[in-house]
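The data block below is coords_9.txt; it holds compact mmCIF, C-alpha atoms.
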# COMPACT_ATOMS: atom_id res chain seq x y z
CA TYR Z 1 -32.75 -7.56 -78.05
CA PHE Z 2 -32.33 -4.11 -79.54
CA GLY Z 3 -29.50 -3.19 -81.88
CA TYR Z 4 -28.59 0.03 -83.62
CA ILE Z 5 -26.21 -0.52 -86.54
CA ARG Z 6 -24.48 2.30 -88.37
CA ARG Z 7 -22.64 1.67 -91.65
CA LEU Z 8 -19.18 3.29 -91.57
CA SER Z 9 -18.04 2.10 -95.00
CA PRO Z 10 -19.03 -0.67 -97.46
CA HIS Z 11 -17.36 -3.30 -95.24
CA PHE Z 12 -17.40 -1.80 -91.71
CA ASP Z 13 -20.29 -1.21 -89.30
CA VAL Z 14 -20.58 -0.19 -85.69
CA GLU Z 15 -23.34 -1.79 -83.58
CA LEU Z 16 -24.73 -0.85 -80.20
CA ALA Z 17 -26.52 -3.90 -78.78
CA LEU Z 18 -28.70 -4.16 -75.70
CA GLY Z 19 -30.95 -6.93 -74.45
CA TYR Z 20 -33.64 -7.50 -71.83
CA PRO Z 21 -31.92 -7.65 -68.41
CA PRO Z 22 -31.49 -11.29 -67.35
CA LEU Z 23 -31.99 -12.54 -63.80
CA ALA Z 24 -29.14 -14.60 -62.35
CA LYS Z 25 -30.04 -16.95 -59.50
CA ILE Z 26 -26.98 -17.91 -57.47
CA LYS Z 27 -27.04 -21.32 -55.81
CA GLY Z 28 -24.95 -22.35 -52.83
CA SER Z 29 -22.15 -24.76 -53.59
CA GLY Z 30 -20.50 -26.72 -50.82
CA PRO Z 31 -21.81 -28.63 -47.84
CA ALA Z 32 -25.40 -29.88 -47.88
CA MET Z 33 -26.14 -27.85 -44.74
CA VAL Z 34 -24.66 -24.75 -43.09
CA GLY Z 35 -25.60 -25.37 -39.47
CA SER Z 36 -29.24 -26.41 -39.76
CA VAL Z 37 -29.82 -24.48 -43.01
CA PRO Z 38 -29.93 -26.29 -46.38
CA TYR Z 39 -27.20 -24.79 -48.59
CA ASN Z 40 -25.85 -26.91 -51.47
CA GLY Z 41 -27.98 -26.31 -54.58
CA VAL Z 42 -30.30 -23.82 -52.83
CA VAL Z 43 -30.79 -20.32 -54.34
CA VAL Z 44 -29.05 -17.96 -51.88
CA SER Z 45 -29.10 -14.71 -53.89
CA SER Z 46 -30.08 -13.15 -57.19
CA ALA Z 47 -29.10 -10.18 -59.33
CA ARG Z 48 -30.10 -8.54 -62.59
CA TRP Z 49 -27.69 -6.89 -64.97
CA ILE Z 50 -27.82 -4.69 -68.01
CA ALA Z 51 -24.97 -4.93 -70.50
CA PRO Z 52 -24.80 -2.54 -73.45
CA THR Z 53 -22.19 -3.73 -75.95
CA LEU Z 54 -20.40 -1.73 -78.63
CA LEU Z 55 -19.14 -3.82 -81.56
CA PHE Z 56 -17.06 -2.96 -84.63
CA GLU Z 57 -18.06 -5.37 -87.39
CA TYR Z 58 -16.49 -6.41 -90.68
CA ARG Z 59 -18.76 -7.53 -93.55
CA PHE Z 60 -17.05 -9.92 -95.97
CA LEU Z 61 -19.09 -9.31 -99.14
CA SER Z 62 -19.97 -6.15 -101.05
CA GLU Z 63 -23.11 -4.31 -100.00
CA ASP Z 64 -24.72 -5.39 -103.32
CA SER Z 65 -24.80 -9.02 -102.17
CA PRO Z 66 -28.06 -10.12 -100.48
CA TRP Z 67 -26.03 -12.23 -98.03
CA GLN Z 68 -23.85 -10.35 -95.53
CA PRO Z 69 -21.70 -12.63 -93.33
CA PHE Z 70 -19.85 -10.67 -90.65
CA PHE Z 71 -17.75 -10.86 -87.51
CA GLY Z 72 -17.08 -8.23 -84.92
CA VAL Z 73 -15.16 -7.38 -81.78
CA GLY Z 74 -15.83 -4.77 -79.16
CA VAL Z 75 -16.39 -3.89 -75.54
CA ASN Z 76 -19.13 -4.80 -73.08
CA TYR Z 77 -20.12 -2.71 -70.04
CA THR Z 78 -22.10 -4.64 -67.43
CA THR Z 79 -23.76 -2.99 -64.45
CA PHE Z 80 -25.61 -4.95 -61.76
CA TYR Z 81 -28.80 -4.00 -59.90
CA ASP Z 82 -31.59 -5.66 -57.87
CA ARG Z 83 -28.97 -7.56 -55.89
CA ASP Z 84 -30.84 -9.54 -53.22
CA THR Z 85 -30.30 -12.44 -50.88
CA THR Z 86 -33.03 -14.99 -50.24
CA ALA Z 87 -34.27 -16.09 -46.82
CA ALA Z 88 -32.16 -19.25 -47.22
CA GLY Z 89 -29.14 -17.10 -48.11
CA ASN Z 90 -29.62 -14.83 -45.10
CA ALA Z 91 -29.91 -17.87 -42.82
CA ALA Z 92 -26.78 -19.46 -44.30
CA PHE Z 93 -24.82 -16.18 -44.17
CA GLY Z 94 -25.78 -15.49 -40.53
CA GLY Z 95 -28.34 -12.70 -40.96
CA PRO Z 96 -29.59 -10.08 -43.41
CA THR Z 97 -26.92 -9.59 -46.05
CA ARG Z 98 -26.30 -6.68 -48.43
CA LEU Z 99 -24.57 -7.41 -51.73
CA SER Z 100 -22.27 -5.09 -53.65
CA LEU Z 101 -21.21 -5.85 -57.21
CA PRO Z 102 -19.23 -3.18 -59.12
CA ALA Z 103 -19.67 -2.73 -62.86
CA SER Z 104 -17.50 -4.66 -65.31
CA VAL Z 105 -15.87 -3.74 -68.62
CA GLY Z 106 -14.81 -6.67 -70.81
CA ALA Z 107 -14.20 -7.93 -74.31
CA ALA Z 108 -17.04 -8.94 -76.62
CA ALA Z 109 -17.22 -10.75 -79.97
CA THR Z 110 -19.92 -11.65 -82.49
CA VAL Z 111 -20.30 -13.66 -85.69
CA GLY Z 112 -23.34 -13.80 -87.92
CA VAL Z 113 -25.04 -13.31 -91.24
CA GLY Z 114 -27.58 -10.83 -92.57
CA TYR Z 115 -29.89 -11.32 -95.53
CA HIS Z 116 -31.48 -8.50 -97.53
CA VAL Z 117 -35.11 -9.58 -98.00
CA SER Z 118 -36.37 -6.63 -100.08
CA GLY Z 119 -36.54 -2.86 -99.94
CA HIS Z 120 -35.38 -1.75 -96.50
CA TRP Z 121 -36.01 -5.10 -94.76
CA HIS Z 122 -33.33 -7.54 -93.56
CA VAL Z 123 -33.14 -10.64 -91.37
CA TYR Z 124 -30.14 -11.38 -89.17
CA GLY Z 125 -28.77 -14.30 -87.24
CA SER Z 126 -25.81 -13.97 -84.90
CA TYR Z 127 -23.99 -15.51 -81.97
CA SER Z 128 -22.29 -13.22 -79.44
CA ILE Z 129 -20.21 -13.70 -76.31
CA SER Z 130 -18.71 -11.30 -73.79
CA GLN Z 131 -16.52 -11.47 -70.70
CA VAL Z 132 -17.73 -10.19 -67.31
CA LYS Z 133 -15.52 -9.97 -64.20
CA SER Z 134 -16.38 -8.31 -60.89
CA ASP Z 135 -15.73 -8.53 -57.14
CA LEU Z 136 -18.79 -9.54 -55.12
CA THR Z 137 -18.86 -8.20 -51.54
CA ALA Z 138 -21.41 -9.58 -49.09
CA ASN Z 139 -21.91 -7.57 -45.88
CA THR Z 140 -23.64 -9.37 -43.00
CA GLY Z 141 -23.81 -7.33 -39.80
CA GLY Z 142 -20.52 -5.55 -40.56
CA ILE Z 143 -18.69 -8.73 -41.57
CA GLN Z 144 -17.54 -8.46 -45.19
CA ARG Z 145 -16.78 -11.38 -47.45
CA THR Z 146 -15.40 -10.81 -50.96
CA THR Z 147 -15.04 -13.14 -53.90
CA ASN Z 148 -14.21 -12.75 -57.59
CA ILE Z 149 -16.84 -13.68 -60.13
CA SER Z 150 -16.29 -14.29 -63.82
CA PHE Z 151 -18.72 -15.46 -66.47
CA GLY Z 152 -19.21 -15.28 -70.23
CA PRO Z 153 -22.79 -14.45 -71.23
CA GLN Z 154 -23.72 -15.77 -74.66
CA ALA Z 155 -26.59 -14.79 -76.95
CA LEU Z 156 -28.03 -16.42 -80.04
CA ILE Z 157 -30.07 -13.82 -81.89
CA VAL Z 158 -32.49 -14.07 -84.81
CA SER Z 159 -33.94 -10.68 -85.71
CA VAL Z 160 -35.68 -8.61 -88.35
CA GLY Z 161 -34.24 -5.22 -89.21
CA TYR Z 162 -35.30 -2.12 -91.10
CA SER Z 163 -32.69 0.12 -92.75
CA PHE Z 164 -33.25 3.79 -93.39

If you convert what's in this file into structure tokens, what do you get?
Amino acid sequence: YFGYIRRLSPHFDVELALGYPPLAKIKGSGPAMVGSVPYNGVVVSSARWIAPTLLFEYRFLSEDSPWQPFFGVGVNYTTFYDRDTTAAGNAAFGGPTRLSLPASVGAAATVGVGYHVSGHWHVYGSYSISQVKSDLTANTGGIQRTTNISFGPQALIVSVGYSF
């Protein structure tokens, strides 16, 4: 996790948050077999995504208080890359398959608390959630199949920060 926080006023901050790109493994859901290929519960594809999030945060207490509870709302931009199908996925889909997954823009929210340790040092704890929606297109030998995907990534963060 990396976050850049800029104080706008004694009670308002803006935060740009970014984390290590997660790997999503997509498992088949449906019949146990597609033809002679195991399908249900088998990893058929995978994708990585990067999701910078811009949050506007409100701090409840004055900046003189060592405790700084806050909440924030903002926008999340998610872009997908390294979209691959596995050998089991290709067999179930009927051949080599190329995946397309357009970027998503969705709402994001956070709640947390900061504590001023001493000098320029702080510790933070927060919980964040965002909304991601996209249309997945799978192309197998010119045959296109499209489905809507929607998920809400969540992050629990404990961090140390330095203010300058």

Rounded to one decimal place, report the atom CA of Z:Gly152-atom CA of Z:Asp13 distance in Å.
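Separation between atom CA of Z:Gly152 and atom CA of Z:Asp13: 23.7 Å.
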
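Taking atom CA of Z:Asn40 as the reference point, atom CA of Z:Lys27 is found at 7.2 Å.
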
Atom CA of Z:Ser104 to atom CA of Z:Ser150, straight-line distance in Å:
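Atom CA of Z:Ser104 lies 9.8 Å from atom CA of Z:Ser150.
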
Which residue is closest to Z:Ile143? Choose from Z:Gly95, Z:Val113, Z:Val160, Z:His122 and count all atoms listed in the file.
Z:Gly95

Test item: residues at most 8 Å from Z:Pro102, only C-alpha atoms, excluding those fewer than 6 positions along its chain, as a list in words
Thr79, Phe80, Ser134, Asp135 and Leu136 of chain Z

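The closest residue to Z:Asn139, picked from Z:Val75, Z:Leu61, Z:Leu101, Z:Val111 and counting all atoms listed in the file, is Z:Leu101.
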
Given the choices Z:Pro66, Z:Leu55, Z:Val14, Z:Arg48, which gets closest to Z:Val117 if the distance is worked out from all atoms listed in the file?
Z:Pro66

If we count all atoms listed in the file and set the cut-off at 10 Å, which residues sit around Z:Gly35, ignoring sequence neighbours fewer than 3 positions away in its own chain? Please answer as a ChimeraX atom specification.
/Z:31-32,38-39,91-92,94

Write the residues of the selection above to a file with C-alpha atoms, as a compact mmCIF listing (two decimals), in the frame of the given file.
# COMPACT_ATOMS: atom_id res chain seq x y z
CA PRO Z 31 -21.81 -28.63 -47.84
CA ALA Z 32 -25.40 -29.88 -47.88
CA PRO Z 38 -29.93 -26.29 -46.38
CA TYR Z 39 -27.20 -24.79 -48.59
CA ALA Z 91 -29.91 -17.87 -42.82
CA ALA Z 92 -26.78 -19.46 -44.30
CA GLY Z 94 -25.78 -15.49 -40.53

Let me make sure I understand: among Z:Ile149, Z:Trp121, Z:Gly41, Z:Thr140, which one has the smallest atom-to-atom distance to Z:Gly161 if we use only C-alpha atoms?
Z:Trp121

Proximity check stretch 57-99 of chain Z to stretch 4-7 of chain Z, 12 Å, nearest pairs one decimal Å, only C-alpha atoms, as CSV:
residue,atom,partner,partner_atom,distance
Z:Glu57,CA,Z:Arg7,CA,9.4
Z:Tyr58,CA,Z:Arg7,CA,10.2
Z:Arg59,CA,Z:Arg7,CA,10.2
Z:Glu63,CA,Z:Arg7,CA,10.3

8 Å contact set for Z:Ala51, all atoms listed in the file, chain neighbours under 2 positions out, as an mmCIF file with C-alpha atoms, in the coordinates of the input:
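This is the output file around_16.cif:
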data_model
loop_
_atom_site.group_PDB
_atom_site.id
_atom_site.type_symbol
_atom_site.label_atom_id
_atom_site.label_comp_id
_atom_site.auth_asym_id
_atom_site.auth_seq_id
_atom_site.Cartn_x
_atom_site.Cartn_y
_atom_site.Cartn_z
ATOM 1 C CA LEU Z 18 -28.700 -4.160 -75.700
ATOM 2 C CA GLY Z 19 -30.950 -6.930 -74.450
ATOM 3 C CA PRO Z 21 -31.920 -7.650 -68.410
ATOM 4 C CA TRP Z 49 -27.690 -6.890 -64.970
ATOM 5 C CA THR Z 53 -22.190 -3.730 -75.950
ATOM 6 C CA ASN Z 76 -19.130 -4.800 -73.080
ATOM 7 C CA TYR Z 77 -20.120 -2.710 -70.040
ATOM 8 C CA THR Z 78 -22.100 -4.640 -67.430
ATOM 9 C CA THR Z 79 -23.760 -2.990 -64.450
#

Give me the box for stretch 39-50 of chain Z as lines of an AutoDock Vina configuration file, namely the centre and edge lengths in Å to one decimal of a box along x, y and z that holds every listed atom plus 6 Å on each side.
center_x = -28.3
center_y = -15.8
center_z = -58.3
size_x = 16.9
size_y = 34.2
size_z = 31.4

Show me the residues close to (-26.5, -13.9, -76.9) - anything with an atom within 10 Å, counting all atoms listed in the file - and format the list as a ChimeraX atom specification.
/Z:1,19,110,126-130,152-158
